[in-house]
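Visitor: There's a structure below that I have some questions on.
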There are 2 protein chains.
Amino acid sequence: MLRYAVVGAGAVGCFYGIRLAAAGADVQFLLRHDVDVVRAMGLTLTSPEGDLHLAVPRIAASWAQLEPCDVLLVATKATANARVLAELAGQADRLLGVDGTVLLVQNGIGCEPAFAQAAGGRAVLGGLAFLCAQRRSPGVVAHLDFGALTLAAHAPGERPAGVTDRMRSVQADLALASTPALLDDDLVRARWRKLMWNVPFNPLSVILDASTAELMADPATVALVGRVMAEVAGAAAAEGRPLPDALVADLLAATARMAPYETSMKLDADAGRPLEVEVMLAEPLRRAERAGVAMPTVAALHDQLAFLDRRIAGRGVRSQSPPPRLCADAPDA
Amino acid sequence: MLRYAVVGAGAVGCFYGIRLAAAGADVQFLLRHDVDVVRAMGLTLTSPEGDLHLAVPRIAASWAQLEPCDVLLVATKATANARVLAELAGQADRLLGVDGTVLLVQNGIGCEPAFAQAAGGRAVLGGLAFLCAQRRSPGVVAHLDFGALTLAAHAPGERPAGVTDRMRSVQADLALASTPALLDDDLVRARWRKLMWNVPFNPLSVILDASTAELMADPATVALVGRVMAEVAGAAAAEGRPLPDALVADLLAATARMAPYETSMKLDADAGRPLEVEVMLAEPLRRAERAGVAMPTVAALHDQLAFLDRRIAGRGVRSQSPPPRLCADAPDA
């Protein structure tokens, strides 16, 4: 098996890292918090598919403490990418040697080129996690449902890169860890495909403070989700990545069947963390604009979410403004 | 002066009714609640322009108790129109005689034809209140700012009706009551003009739980408001009611100068009242569609607001659904 280092040991990073380590892979975990607790208590993954416990996980408390590996699995939030990219640029030669690989398991689109540059031109894989998991306490992650990881390779100019040997090797390791991996020959198409679900449901769950079940129970929000999906499909097609016509209906039907979920962005908002506005909405909007198609509904969600993100960050005006006056009707210009 | 009957004695109805009565007009107030308190304590309007008190207002506790008048000033929320129209249809002949008039002081667009029908073809004026006022307690309304009423006449087929004698008479009465009234020769254009402000700010204040000052302090929401205004202007123009090109910039600048306000829809939402989704968003969207223009951003606000309106009404799924599961990422189809 390959040697892994997990950067961003939250629910997603721990899920894949613990599974790989339990299957025998050499896995390091870079922790920013809870180093002492995890060294004492180990790492635990609870799961309906069987609990796993690493009594003595390999822990690094800083990038400098990481040792060379074959796959640097980056599962931080995209909102932390500026910091992660700076660290990676300084450590890539030491950590990744000649043919190490970055595996970027994040939401959104368009981050792989920056990681390829920071990694000195080494191979970058994108990972798309279809996973429900949650960090419960220091060193303890609960796996709730799903878990498959879609893998696709980045290539210069974002052209489809086909299926690489490194993708097959990671897939084989995940298979040993009882975790399915799907190989996609076109990273950008795979990212657009996942955006079809994330672009409507992540923002709306935050803006309307709603679970997926609530959004699917109201005809107005179902219609709105459908229009957002159609706009995303149009932008994907304009970038030369047409998605199957049936995908909108399939995703709506699958979501309606799901148990009610909090999206990752809803969890971020409720925890006061920064929202992934940039990679999930701003970058798709820029791509659509470059490709000459409009996404007015996505633009509305973007602007609402950018407002809420700044409010969450305490950069909004809420706390600084005087209490609002009450107005029975709107004044004129 | 004309004889008035105020239906919907909330902040808006009381503001104009108390001012007219204090100036000597015969004004009846139809109250659904607080009849005994108001009979005992009278009606009070506090205002930076001078407080007014009606010690013995003319109060009706039902439509049947109203006596004939020249102007039936309807200032209920548009969400109550089904009930109001049914009452009006049954009482119009008795209350309005040969040449009585309905003055509909409501938000939104497109309600005057139904009132004209319920009033048996009698004259209907639309009133657009540019007013900040709030009901403080039974019989007590606080005037905060502004107060001008724009008047325009409904005509069959919604054609511009010009300035009518009845409009001038109401304007003269309001002048005696120290309240400015503007006469507009085109009701539909006047309603589109007011929608330019209401369509962005009322929904966004509810959806984002924000005052106008907060919305104007963030570049994302300012941009969003501007795009909504542009869509409304496009629909107005498509209905043959072009609005001045400078209006978007003028309204944004005026709003930025305002003290922070809660919109009327925000007050409704916070009080758990139904939202004016139908007249403020659904009807403009239908008109735009008939005129062949798209308002995708307005449609997004409509759908979000329809969802929140049903949640407020307790018809949403929130209370019935199981608690949502937590999901670190979105599952696939």
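In the structure tokens, each chain is lettered A, B, ... as it comes, each chain's residues begin at 1, and ligands are numbered from 1 in order of appearance.
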May I have the residues within 9 Å of Val228 in chain A as a list in words, using only C-alpha atoms and disregarding those fewer than 6 positions away in the same chain?
Guide: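 Selected residues are Met196, Val199, Pro200, Met295, Pro296, Thr297 and Val298 of chain A.
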Visitor: Pull C-alpha atoms from the residues just selected and write them as a PDB file, in the first residue's frame.
Guide:
ATOM      1  CA  MET A 196     -25.064  20.161  -9.444  1.00  0.00           C
ATOM      2  CA  VAL A 199     -24.642  24.615  -5.499  1.00  0.00           C
ATOM      3  CA  PRO A 200     -28.357  24.494  -4.696  1.00  0.00           C
ATOM      4  CA  MET A 295     -26.412  31.843 -13.915  1.00  0.00           C
ATOM      5  CA  PRO A 296     -28.671  34.505 -12.404  1.00  0.00           C
ATOM      6  CA  THR A 297     -30.169  32.226  -9.776  1.00  0.00           C
ATOM      7  CA  VAL A 298     -26.737  31.010  -8.683  1.00  0.00           C
TER       8      VAL A 298
END
Visitor: Can you tell me, as a ChimeraX atom specification, what residues are no more than 9 Å from Ala235 in chain A when counting only C-alpha atoms, ignoring any on the same chain fewer than 6 positions away?
Guide: /A:192,241-242,284-285,287-289,291-295
Visitor: How would the residues just picked look written out with N, CA and C atoms as a PDB file, in the first residue's frame?
Guide:
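Now in part.pdb:
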ATOM      1  N   TRP A 192     -18.048  19.498 -11.788  1.00  0.00           N
ATOM      2  CA  TRP A 192     -19.332  20.104 -12.173  1.00  0.00           C
ATOM      3  C   TRP A 192     -20.499  19.207 -11.748  1.00  0.00           C
ATOM      4  N   ARG A 241     -18.347  20.283 -20.831  1.00  0.00           N
ATOM      5  CA  ARG A 241     -18.602  19.136 -19.959  1.00  0.00           C
ATOM      6  C   ARG A 241     -20.102  18.897 -19.826  1.00  0.00           C
ATOM      7  N   PRO A 242     -20.770  18.538 -20.913  1.00  0.00           N
ATOM      8  CA  PRO A 242     -22.211  18.276 -20.807  1.00  0.00           C
ATOM      9  C   PRO A 242     -22.473  17.137 -19.830  1.00  0.00           C
ATOM     10  N   PRO A 284     -17.545  28.870  -9.872  1.00  0.00           N
ATOM     11  CA  PRO A 284     -18.485  28.477 -10.935  1.00  0.00           C
ATOM     12  C   PRO A 284     -19.078  29.673 -11.687  1.00  0.00           C
ATOM     13  N   LEU A 285     -19.375  30.761 -10.965  1.00  0.00           N
ATOM     14  CA  LEU A 285     -19.921  31.944 -11.642  1.00  0.00           C
ATOM     15  C   LEU A 285     -18.897  32.555 -12.591  1.00  0.00           C
ATOM     16  N   ARG A 287     -16.508  30.959 -14.098  1.00  0.00           N
ATOM     17  CA  ARG A 287     -16.377  30.045 -15.240  1.00  0.00           C
ATOM     18  C   ARG A 287     -17.553  30.199 -16.199  1.00  0.00           C
ATOM     19  N   ALA A 288     -18.746  30.316 -15.660  1.00  0.00           N
ATOM     20  CA  ALA A 288     -19.915  30.497 -16.525  1.00  0.00           C
ATOM     21  C   ALA A 288     -19.793  31.789 -17.323  1.00  0.00           C
ATOM     22  N   GLU A 289     -19.342  32.840 -16.639  1.00  0.00           N
ATOM     23  CA  GLU A 289     -19.219  34.127 -17.333  1.00  0.00           C
ATOM     24  C   GLU A 289     -18.192  34.031 -18.458  1.00  0.00           C
ATOM     25  N   ALA A 291     -17.437  31.444 -20.073  1.00  0.00           N
ATOM     26  CA  ALA A 291     -17.995  30.596 -21.121  1.00  0.00           C
ATOM     27  C   ALA A 291     -19.207  31.239 -21.791  1.00  0.00           C
ATOM     28  N   GLY A 292     -19.600  32.408 -21.302  1.00  0.00           N
ATOM     29  CA  GLY A 292     -20.659  33.144 -21.980  1.00  0.00           C
ATOM     30  C   GLY A 292     -22.071  32.737 -21.605  1.00  0.00           C
ATOM     31  N   VAL A 293     -22.244  32.089 -20.460  1.00  0.00           N
ATOM     32  CA  VAL A 293     -23.606  31.745 -20.041  1.00  0.00           C
ATOM     33  C   VAL A 293     -23.910  32.418 -18.704  1.00  0.00           C
ATOM     34  N   ALA A 294     -25.185  32.717 -18.515  1.00  0.00           N
ATOM     35  CA  ALA A 294     -25.613  33.397 -17.293  1.00  0.00           C
ATOM     36  C   ALA A 294     -26.108  32.376 -16.274  1.00  0.00           C
ATOM     37  N   MET A 295     -25.842  32.644 -15.008  1.00  0.00           N
ATOM     38  CA  MET A 295     -26.412  31.843 -13.915  1.00  0.00           C
ATOM     39  C   MET A 295     -27.034  32.812 -12.904  1.00  0.00           C
TER      40      MET A 295
END
Visitor: For the reference chain B, what are the coordinates of chain A after least-squares fitting (all Cα, in-order pairing), as a CSV table (one decimal) with C-alpha atoms, in the first residue's frame?
Guide:
chain,number,residue,atom,x,y,z
A,1,MET,CA,-64.3,67.1,3.6
A,2,LEU,CA,-65.3,63.7,2.4
A,3,ARG,CA,-66.6,61.0,4.8
A,4,TYR,CA,-64.1,58.2,5.3
A,5,ALA,CA,-64.2,54.6,6.7
A,6,VAL,CA,-60.9,53.0,7.5
A,7,VAL,CA,-60.9,49.2,7.1
A,8,GLY,CA,-57.7,47.8,8.5
A,9,ALA,CA,-56.9,50.1,11.4
A,10,GLY,CA,-53.2,49.2,11.7
A,11,ALA,CA,-50.4,51.6,11.6
A,12,VAL,CA,-51.1,52.7,8.0
A,13,GLY,CA,-54.8,53.0,8.3
A,14,CYS,CA,-54.6,54.8,11.7
A,15,PHE,CA,-52.0,57.2,10.5
A,16,TYR,CA,-54.1,58.6,7.7
A,17,GLY,CA,-57.4,58.1,9.5
A,18,ILE,CA,-56.4,59.9,12.7
A,19,ARG,CA,-54.8,62.7,10.7
A,20,LEU,CA,-58.0,63.2,8.6
A,21,ALA,CA,-60.3,63.0,11.7
A,22,ALA,CA,-58.1,65.4,13.6
A,23,ALA,CA,-58.5,67.8,10.7
A,24,GLY,CA,-62.2,67.6,10.9
A,25,ALA,CA,-63.2,64.8,8.6
A,26,ASP,CA,-65.9,62.3,9.4
A,27,VAL,CA,-63.8,59.1,9.9
A,28,GLN,CA,-65.0,55.7,11.0
A,29,PHE,CA,-62.6,53.0,12.0
A,30,LEU,CA,-63.4,49.3,11.6
A,31,LEU,CA,-61.6,47.4,14.3
A,32,ARG,CA,-61.3,43.7,14.6
A,33,HIS,CA,-59.7,43.8,18.0
A,34,ASP,CA,-59.4,46.1,20.9
A,35,VAL,CA,-62.8,47.7,20.4
A,36,ASP,CA,-63.4,48.2,24.1
A,37,VAL,CA,-60.0,49.6,24.8
A,38,VAL,CA,-60.2,52.1,21.9
A,39,ARG,CA,-63.7,53.1,22.9
A,40,ALA,CA,-62.4,53.8,26.4
A,41,MET,CA,-59.0,55.3,25.6
A,42,GLY,CA,-59.5,56.8,22.1
A,43,LEU,CA,-57.0,56.7,19.3
A,44,THR,CA,-53.5,58.2,19.6
A,45,LEU,CA,-50.9,59.0,16.9
A,46,THR,CA,-47.5,60.0,18.2
A,47,SER,CA,-45.3,61.8,15.7
A,48,PRO,CA,-42.3,64.0,15.4
A,49,GLU,CA,-44.6,66.3,13.6
A,50,GLY,CA,-46.9,66.6,16.6
A,51,ASP,CA,-49.0,64.1,18.5
A,52,LEU,CA,-52.7,63.7,17.8
A,53,HIS,CA,-55.4,62.2,20.0
A,54,LEU,CA,-59.0,61.3,19.1
A,55,ALA,CA,-60.8,61.0,22.4
A,56,VAL,CA,-64.1,59.7,20.9
A,57,PRO,CA,-63.3,58.1,17.6
A,58,ARG,CA,-66.1,56.6,15.5
A,59,ILE,CA,-65.6,52.8,15.9
A,60,ALA,CA,-67.3,50.0,14.1
A,61,ALA,CA,-66.7,46.4,15.3
A,62,SER,CA,-68.0,44.8,12.1
A,63,TRP,CA,-68.7,45.7,8.5
A,64,ALA,CA,-72.4,45.7,9.4
A,65,GLN,CA,-71.8,48.5,11.9
A,66,LEU,CA,-70.1,50.8,9.3
A,67,GLU,CA,-72.2,53.6,8.1
A,68,PRO,CA,-72.3,55.1,4.6
A,69,CYS,CA,-69.2,57.0,3.5
A,70,ASP,CA,-67.6,58.6,0.5
A,71,VAL,CA,-64.2,56.8,0.7
A,72,LEU,CA,-63.6,53.3,2.0
A,73,LEU,CA,-59.9,53.4,2.9
A,74,VAL,CA,-58.8,49.8,2.8
A,75,ALA,CA,-55.4,49.5,4.6
A,76,THR,CA,-55.4,45.8,5.5
A,77,LYS,CA,-52.6,43.5,4.5
A,78,ALA,CA,-53.1,42.1,1.0
A,79,THR,CA,-53.0,38.7,2.6
A,80,ALA,CA,-56.4,39.4,4.0
A,81,ASN,CA,-57.9,40.4,0.7
A,82,ALA,CA,-60.1,37.3,0.1
A,83,ARG,CA,-62.0,38.1,3.3
A,84,VAL,CA,-62.1,41.9,2.7
A,85,LEU,CA,-63.4,41.4,-0.8
A,86,ALA,CA,-66.2,39.1,0.3
A,87,GLU,CA,-67.3,41.7,2.9
A,88,LEU,CA,-67.0,44.5,0.4
A,89,ALA,CA,-69.1,42.7,-2.1
A,90,GLY,CA,-71.9,42.3,0.4
A,91,GLN,CA,-71.8,45.9,1.7
A,92,ALA,CA,-70.7,48.0,-1.2
A,93,ASP,CA,-74.2,49.2,-2.2
A,94,ARG,CA,-75.2,50.1,1.3
A,95,LEU,CA,-71.8,51.8,2.3
A,96,LEU,CA,-70.8,53.5,-1.0
A,97,GLY,CA,-74.1,54.6,-2.5
A,98,VAL,CA,-73.9,55.9,-6.0
A,99,ASP,CA,-70.5,57.5,-6.1
A,100,GLY,CA,-68.5,56.2,-3.2
A,101,THR,CA,-64.9,55.2,-3.8
A,102,VAL,CA,-62.6,52.5,-2.6
A,103,LEU,CA,-59.1,53.7,-1.7
A,104,LEU,CA,-56.8,50.7,-1.6
A,105,VAL,CA,-53.6,51.5,0.4
A,106,GLN,CA,-51.7,48.3,0.0
A,107,ASN,CA,-48.4,47.0,-1.3
A,108,GLY,CA,-48.0,45.0,-4.5
A,109,ILE,CA,-49.7,45.2,-7.8
A,110,GLY,CA,-52.8,43.9,-9.5
A,111,CYS,CA,-55.4,44.0,-6.7
A,112,GLU,CA,-57.5,47.0,-7.9
A,113,PRO,CA,-59.5,45.0,-10.5
A,114,ALA,CA,-60.8,42.6,-7.9
A,115,PHE,CA,-61.8,45.6,-5.6
A,116,ALA,CA,-63.5,47.3,-8.5
A,117,GLN,CA,-65.6,44.2,-9.1
A,118,ALA,CA,-66.4,43.7,-5.5
A,119,ALA,CA,-67.4,47.4,-5.3
A,120,GLY,CA,-69.9,46.9,-8.1
A,121,GLY,CA,-67.9,48.9,-10.6
A,122,ARG,CA,-67.5,52.0,-8.4
A,123,ALA,CA,-64.3,54.0,-8.6
A,124,VAL,CA,-61.2,52.5,-7.1
A,125,LEU,CA,-58.1,54.5,-6.2
A,126,GLY,CA,-54.8,52.9,-5.4
A,127,GLY,CA,-52.8,54.4,-2.6
A,128,LEU,CA,-49.1,54.0,-2.2
A,129,ALA,CA,-47.9,54.9,1.3
A,130,PHE,CA,-44.4,56.1,1.8
A,131,LEU,CA,-44.7,55.9,5.5
A,132,CYS,CA,-42.8,54.6,8.5
A,133,ALA,CA,-45.2,54.0,11.3
A,134,GLN,CA,-45.8,51.3,13.8
A,135,ARG,CA,-48.7,50.2,16.0
A,136,ARG,CA,-47.4,50.4,19.6
A,137,SER,CA,-50.4,49.2,21.7
A,138,PRO,CA,-54.2,49.0,21.2
A,139,GLY,CA,-55.2,52.4,19.9
A,140,VAL,CA,-51.7,53.8,19.8
A,141,VAL,CA,-49.7,54.3,16.6
A,142,ALA,CA,-46.2,55.8,16.4
A,143,HIS,CA,-45.4,57.8,13.3
A,144,LEU,CA,-41.6,57.6,12.7
A,145,ASP,CA,-40.9,59.2,9.4
A,146,PHE,CA,-42.3,60.2,5.9
A,147,GLY,CA,-46.0,59.9,5.3
A,148,ALA,CA,-46.8,61.0,1.8
A,149,LEU,CA,-49.5,59.1,0.0
A,150,THR,CA,-49.4,58.7,-3.8
A,151,LEU,CA,-52.9,58.4,-5.3
A,152,ALA,CA,-53.8,57.0,-8.7
A,153,ALA,CA,-57.0,55.8,-10.3
A,154,HIS,CA,-57.8,52.3,-11.5
A,155,ALA,CA,-59.4,52.1,-15.0
A,156,PRO,CA,-60.7,49.0,-16.8
A,157,GLY,CA,-57.9,47.2,-18.7
A,158,GLU,CA,-55.4,48.9,-16.4
A,159,ARG,CA,-55.0,51.8,-18.8
A,160,PRO,CA,-53.7,55.1,-17.4
A,161,ALA,CA,-56.7,56.9,-15.9
A,162,GLY,CA,-55.4,60.4,-15.6
A,163,VAL,CA,-56.1,62.5,-12.5
A,164,THR,CA,-59.7,62.3,-11.4
A,165,ASP,CA,-61.8,64.7,-9.3
A,166,ARG,CA,-62.0,62.1,-6.5
A,167,MET,CA,-58.2,62.0,-6.4
A,168,ARG,CA,-58.1,65.8,-6.1
A,169,SER,CA,-60.7,65.8,-3.3
A,170,VAL,CA,-58.8,63.2,-1.3
A,171,GLN,CA,-55.6,65.2,-1.9
A,172,ALA,CA,-57.3,68.4,-0.6
A,173,ASP,CA,-58.5,66.6,2.5
A,174,LEU,CA,-55.0,65.2,3.2
A,175,ALA,CA,-53.6,68.7,2.7
A,176,LEU,CA,-56.0,69.9,5.5
A,177,ALA,CA,-54.6,67.1,7.5
A,178,SER,CA,-51.0,68.3,6.9
A,179,THR,CA,-50.2,65.2,4.9
A,180,PRO,CA,-48.8,65.4,1.4
A,181,ALA,CA,-50.5,63.5,-1.4
A,182,LEU,CA,-49.0,63.1,-4.9
A,183,LEU,CA,-51.4,62.5,-7.8
A,184,ASP,CA,-50.2,60.0,-10.5
A,185,ASP,CA,-52.0,59.6,-13.8
A,186,ASP,CA,-50.9,55.9,-14.2
A,187,LEU,CA,-51.7,53.5,-11.3
A,188,VAL,CA,-49.9,50.5,-12.8
A,189,ARG,CA,-46.7,52.6,-13.4
A,190,ALA,CA,-46.9,53.9,-9.8
A,191,ARG,CA,-47.2,50.4,-8.5
A,192,TRP,CA,-44.2,49.2,-10.6
A,193,ARG,CA,-42.3,52.1,-9.3
A,194,LYS,CA,-42.9,51.2,-5.7
A,195,LEU,CA,-42.2,47.6,-6.4
A,196,MET,CA,-38.7,48.6,-7.5
A,197,TRP,CA,-37.9,49.2,-3.9
A,198,ASN,CA,-40.2,46.6,-2.3
A,199,VAL,CA,-39.3,43.6,-4.4
A,200,PRO,CA,-35.7,43.6,-3.4
A,201,PHE,CA,-35.8,45.0,0.1
A,202,ASN,CA,-38.8,43.3,1.6
A,203,PRO,CA,-37.9,39.7,0.7
A,204,LEU,CA,-34.2,40.1,1.5
A,205,SER,CA,-34.9,41.7,4.9
A,206,VAL,CA,-36.8,38.5,5.8
A,207,ILE,CA,-34.6,35.9,4.0
A,208,LEU,CA,-31.4,37.4,5.4
A,209,ASP,CA,-32.9,38.7,8.7
A,210,ALA,CA,-31.4,42.1,7.9
A,211,SER,CA,-32.2,45.8,8.1
A,212,THR,CA,-31.9,48.0,5.1
A,213,ALA,CA,-28.7,49.4,6.5
A,214,GLU,CA,-27.1,45.9,6.7
A,215,LEU,CA,-28.2,45.1,3.2
A,216,MET,CA,-26.7,48.4,1.9
A,217,ALA,CA,-23.4,47.9,3.9
A,218,ASP,CA,-22.4,44.8,2.0
A,219,PRO,CA,-21.3,45.0,-1.7
A,220,ALA,CA,-22.8,41.5,-2.4
A,221,THR,CA,-26.3,42.5,-1.3
A,222,VAL,CA,-26.1,45.9,-2.9
A,223,ALA,CA,-25.3,44.2,-6.2
A,224,LEU,CA,-28.1,41.7,-5.7
A,225,VAL,CA,-30.6,44.5,-4.9
A,226,GLY,CA,-29.5,46.3,-8.1
A,227,ARG,CA,-30.0,43.3,-10.3
A,228,VAL,CA,-33.5,42.7,-8.8
A,229,MET,CA,-34.4,46.4,-9.4
A,230,ALA,CA,-33.2,46.0,-13.0
A,231,GLU,CA,-35.4,43.0,-13.5
A,232,VAL,CA,-38.4,44.9,-12.1
A,233,ALA,CA,-37.7,47.8,-14.4
A,234,GLY,CA,-37.5,45.5,-17.3
A,235,ALA,CA,-40.9,43.9,-16.5
A,236,ALA,CA,-42.4,47.4,-16.0
A,237,ALA,CA,-41.1,48.5,-19.4
A,238,ALA,CA,-42.4,45.3,-21.0
A,239,GLU,CA,-45.9,46.2,-19.6
A,240,GLY,CA,-45.6,49.5,-21.3
A,241,ARG,CA,-44.5,51.4,-18.1
A,242,PRO,CA,-40.9,52.3,-18.6
A,243,LEU,CA,-39.4,53.8,-15.5
A,244,PRO,CA,-36.6,56.5,-15.4
A,245,ASP,CA,-33.2,55.0,-16.1
A,246,ALA,CA,-31.8,56.8,-13.0
A,247,LEU,CA,-34.3,55.2,-10.7
A,248,VAL,CA,-32.2,52.2,-9.6
A,249,ALA,CA,-29.3,54.5,-8.6
A,250,ASP,CA,-31.6,57.0,-7.0
A,251,LEU,CA,-33.3,54.3,-4.9
A,252,LEU,CA,-30.0,52.8,-3.8
A,253,ALA,CA,-28.6,56.1,-2.9
A,254,ALA,CA,-31.7,57.1,-0.9
A,255,THR,CA,-31.7,53.8,0.9
A,256,ALA,CA,-28.1,54.1,1.8
A,257,ARG,CA,-28.8,57.5,3.4
A,258,MET,CA,-31.7,56.2,5.4
A,259,ALA,CA,-31.6,55.2,9.0
A,260,PRO,CA,-31.7,51.4,9.3
A,261,TYR,CA,-35.3,50.2,8.7
A,262,GLU,CA,-37.2,47.1,9.2
A,263,THR,CA,-39.4,46.6,6.2
A,264,SER,CA,-43.1,45.9,6.5
A,265,MET,CA,-42.5,42.3,5.5
A,266,LYS,CA,-39.8,41.9,8.1
A,267,LEU,CA,-42.3,43.1,10.7
A,268,ASP,CA,-44.8,40.6,9.4
A,269,ALA,CA,-42.3,37.7,9.6
A,270,ASP,CA,-41.1,38.6,13.1
A,271,ALA,CA,-44.7,38.8,14.2
A,272,GLY,CA,-45.6,35.4,12.6
A,273,ARG,CA,-48.0,37.0,10.2
A,274,PRO,CA,-48.5,35.9,6.6
A,275,LEU,CA,-46.2,37.5,4.1
A,276,GLU,CA,-47.4,39.5,1.1
A,277,VAL,CA,-45.7,37.0,-1.3
A,278,GLU,CA,-48.6,36.9,-3.7
A,279,VAL,CA,-49.0,40.7,-4.5
A,280,MET,CA,-45.4,41.6,-4.1
A,281,LEU,CA,-43.7,38.8,-6.0
A,282,ALA,CA,-46.0,36.2,-7.5
A,283,GLU,CA,-48.1,38.7,-9.4
A,284,PRO,CA,-45.1,40.7,-10.7
A,285,LEU,CA,-43.7,37.4,-11.9
A,286,ARG,CA,-46.9,36.4,-13.7
A,287,ARG,CA,-47.0,39.9,-15.4
A,288,ALA,CA,-43.4,39.6,-16.5
A,289,GLU,CA,-44.0,36.2,-17.9
A,290,ARG,CA,-47.1,37.4,-19.8
A,291,ALA,CA,-45.0,40.3,-21.1
A,292,GLY,CA,-42.3,37.9,-22.2
A,293,VAL,CA,-39.5,38.9,-19.9
A,294,ALA,CA,-37.6,36.8,-17.4
A,295,MET,CA,-37.0,37.8,-13.8
A,296,PRO,CA,-34.9,34.9,-12.6
A,297,THR,CA,-33.5,36.7,-9.5
A,298,VAL,CA,-37.0,37.8,-8.5
A,299,ALA,CA,-38.1,34.2,-9.0
A,300,ALA,CA,-35.4,33.0,-6.6
A,301,LEU,CA,-36.6,35.5,-3.9
A,302,HIS,CA,-40.2,34.4,-4.5
A,303,ASP,CA,-39.4,30.7,-4.0
A,304,GLN,CA,-37.3,31.4,-0.9
A,305,LEU,CA,-40.1,33.6,0.6
A,306,ALA,CA,-42.8,31.1,-0.3
A,307,PHE,CA,-40.9,28.5,1.7
A,308,LEU,CA,-40.5,30.8,4.7
A,309,ASP,CA,-44.1,31.9,4.5
A,310,ARG,CA,-45.3,28.3,4.7
A,311,ARG,CA,-42.9,27.7,7.6
A,312,ILE,CA,-44.2,30.8,9.4
A,313,ALA,CA,-47.8,29.6,8.8
A,314,GLY,CA,-46.8,26.3,10.4
A,315,ARG,CA,-47.6,24.5,7.2
A,316,GLY,CA,-43.9,23.8,6.7
A,317,VAL,CA,-42.3,20.5,7.5
A,318,ARG,CA,-40.0,21.7,10.2
A,319,SER,CA,-42.1,20.6,13.2
A,320,GLN,CA,-43.2,17.3,11.6
A,321,SER,CA,-39.8,16.0,10.3
A,322,PRO,CA,-37.4,14.0,12.4
A,323,PRO,CA,-34.3,15.9,13.5
A,324,PRO,CA,-31.9,16.1,10.6
A,325,ARG,CA,-28.9,13.9,10.4
A,326,LEU,CA,-25.5,15.6,10.2
A,327,CYS,CA,-23.7,15.3,6.9
A,328,ALA,CA,-20.1,16.3,6.3
A,329,ASP,CA,-20.8,16.1,2.6
A,330,ALA,CA,-23.6,15.7,0.1
A,331,PRO,CA,-24.5,12.2,-1.1
A,332,ASP,CA,-24.7,11.5,-4.8
A,333,ALA,CA,-27.7,10.4,-6.8
Visitor: Please identify which residues in range 164-298 of chain B DSSP calls helix (DSSP H, G or I) from the backbone, and express them as a ChimeraX atom specification.
Guide: /B:165-176,187-207,212-217,219-238,247-257,264-270,277-291,296-298
